[in-house]
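**Q** Got a structure here, written out as structure tokens. Questions coming.
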Amino acid sequence: MAPTKDDVLASLARVKTPSGLALTDSGTLSEIVVGDGKVFFSITVDASAVKAWDPVRAAAEAAVKAIPGVTSALVALTAERSGTGPGASRPAAAPAGGGHGHGHAHGPAGGGAPQQPAVPGVASIIAVASGKGGVGKSTTAVNIALGLAAIGQRVGLLDADIYGPSVPRLLGLSGKPQMGPGNKLIPLKGFGLEVMSIGFLVEEETPMIWRGPMVMSALTQMLREVDWGTLDVLVVDMPPGTGDAQLTMAQQVPLRGAVIVSTPQDLALIDARRGIAMFRRVNVPVLGIVENMSYFLCPKCGERSDVFGHGGARDEAARLGVPFLGEVPLHMDIRETSDAGRPVMATAPDGPHATIYRDIATKVRDQLAGTGGRSAPRIVIEA
């Protein structure tokens, strides 16, 4: 029998909060989403009480997973500003210099910035980002990851676009991750990549109506509660823009760099500039810019057309002093293989498009060889 919301509430009623209340009576629970054996909800508390509530989150997740018929559960612990959360611990104050890693970094004015904890087994983490949607960022991220694998790297791919996960479709992957040793999720495998996406945990058409703190908590769990094994590079397909997900990754993850994807047109380049500025602001090296949909080659006559203009990203890279990684054409083969879940880098490795992606991946690898570690930026986010 499939689990219901009432089953989840009955189970959570047996979980106690730090004050001894039943979790269901604490006023901290979000809407509970139940479907196809998967359960999602968040617990929202005051930022100063996060440490005390972390065991409650773990107990709630364990209680839900014990319900017959539940195949997976994601319980996010999110924090509000001091005094605004329903689970606030009023007498307590946030310790000096203590950001809690839930989107609220209230660090001291002085002192050195802390080093982000590494992800066990992962040598380098890079973000593939864009200032706006619709520029082919996810397709580029997948093929860069496959390009890195083709030149001998052990590669993982994290789909960090909570609201619009594309990686499962691009890699033709379905199913749900299994739980492994240490209660860590085992990533799915696609074309030699270790892959994790929220798309494996929810139906493709299910809207993710989550607030920013829950998105950040989910990202942290998908990154750190997954058994990635031993990787040379973990490629993170970021959501478009410069919001919570990017700040979370910059604050909590030792990113070695970011690849910016843009089309040549002026509107896309304006947003690409914002993306570059954001990563520079949080001390993440920009590994370079990729000009996607750089030109169109007619599949029948071979005539070239610059549909979105041409060379804008190359010029912008030169102007901003960042590497230009390459031009990817607007071509039917790339579109068709992406829609079919058979990325061109894997299915036509000797073709001209795979050669372009492999060259980009080689430049990314070489850029990584020249970047060092970095400290976490001081980010203050007010709710």
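As shown in the structure tokens, the chain order sets the letters A, B, ...; within each chain, residues go from 1, and ligands are also counted from 1 in the order they appear.
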Would you mind listing what lies within 9 Å of stretch 28-36 of chain A as a list in words, with only C-alpha atoms counted and same-chain residues fewer than 6 positions away left out?

**A**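 So, after excluding close chain neighbours, the residues are Ala2, Pro3, Thr4, Lys5, Val8, Leu9, Ser42, Ile43, Thr44, Val45, Gly69, Val70, Thr71, Gly85, Pro86, Gly87, Val202 and Glu203 of chain A.
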
**Q** Since we have the selection now, will you write its residues out, keeping C-alpha atoms, as a short mmCIF file (atom, residue, chain, number, x, y, z; two decimals), in the first residue's frame?

**A**
data_model
loop_
_atom_site.label_atom_id
_atom_site.label_comp_id
_atom_site.auth_asym_id
_atom_site.auth_seq_id
_atom_site.Cartn_x
_atom_site.Cartn_y
_atom_site.Cartn_z
CA ALA A 2 1.33 3.43 -0.94
CA PRO A 3 2.12 5.70 2.03
CA THR A 4 -0.10 8.73 2.58
CA LYS A 5 0.36 12.15 4.14
CA VAL A 8 3.76 10.56 7.54
CA LEU A 9 2.08 12.84 10.09
CA SER A 42 11.18 20.92 5.52
CA ILE A 43 11.53 21.92 9.16
CA THR A 44 11.97 25.69 9.60
CA VAL A 45 13.52 26.96 12.84
CA GLY A 69 6.09 1.77 1.19
CA VAL A 70 8.42 4.77 1.56
CA THR A 71 11.33 4.38 -0.84
CA GLY A 85 11.17 31.14 13.05
CA PRO A 86 8.45 29.16 14.79
CA GLY A 87 11.07 26.89 16.34
CA VAL A 202 10.43 13.47 -7.94
CA GLU A 203 8.26 12.94 -10.99
#

**Q** Can you list, as JSON, numbers by chain, every protein, DNA or RNA residue that comes within 7 Å of A:Asn292 when you count only C-alpha atoms, leaving out same-chain residues fewer than 4 positions away?

**A** {"A": [135, 136, 261, 262, 263, 327, 328, 329]}

**Q** Any chance you could export the current selection's C-alpha atoms as a compact mmCIF listing (two decimals), in the first residue's frame?

**A**
# COMPACT_ATOMS: atom_id res chain seq x y z
CA VAL A 135 21.39 29.23 -23.47
CA GLY A 136 22.00 25.47 -23.40
CA VAL A 261 27.84 29.55 -20.79
CA SER A 262 26.37 32.24 -23.04
CA THR A 263 25.05 32.73 -26.55
CA GLU A 327 32.42 27.87 -29.75
CA VAL A 328 29.64 25.27 -29.94
CA PRO A 329 27.38 25.46 -33.01

**Q** Taking into account only C-alpha atoms, which residue in the set A:Val39, A:Ile276, A:Val284, A:Met332 is nearest to A:Val253?

**A**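 Of A:Val39, A:Ile276, A:Val284, A:Met332, the one nearest A:Val253, counting only C-alpha atoms, is A:Val284.
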
**Q** Using only C-alpha atoms, which of the listed residues (A:Cys301, A:Ile67, A:Ala354, A:Ile198) sits closest to A:Leu219?

**A** A:Ile198

**Q** Which residues are near A:Lys176? Cut-off 8 Å, only C-alpha atoms, ignore same chain within fewer than 2 positions. Put them as a PDB file with C-alpha atoms, in the first residue's frame.

**A**
ATOM      1  CA  SER A 174      15.476   7.110 -14.619  1.00  0.00           C
ATOM      2  CA  GLN A 178      19.573   3.408  -3.453  1.00  0.00           C
ATOM      3  CA  LEU A 188      23.096   6.614 -10.697  1.00  0.00           C
ATOM      4  CA  PHE A 200      15.571  11.096  -9.619  1.00  0.00           C
ATOM      5  CA  LEU A 201      13.501  11.735  -6.500  1.00  0.00           C
TER       6      LEU A 201
END
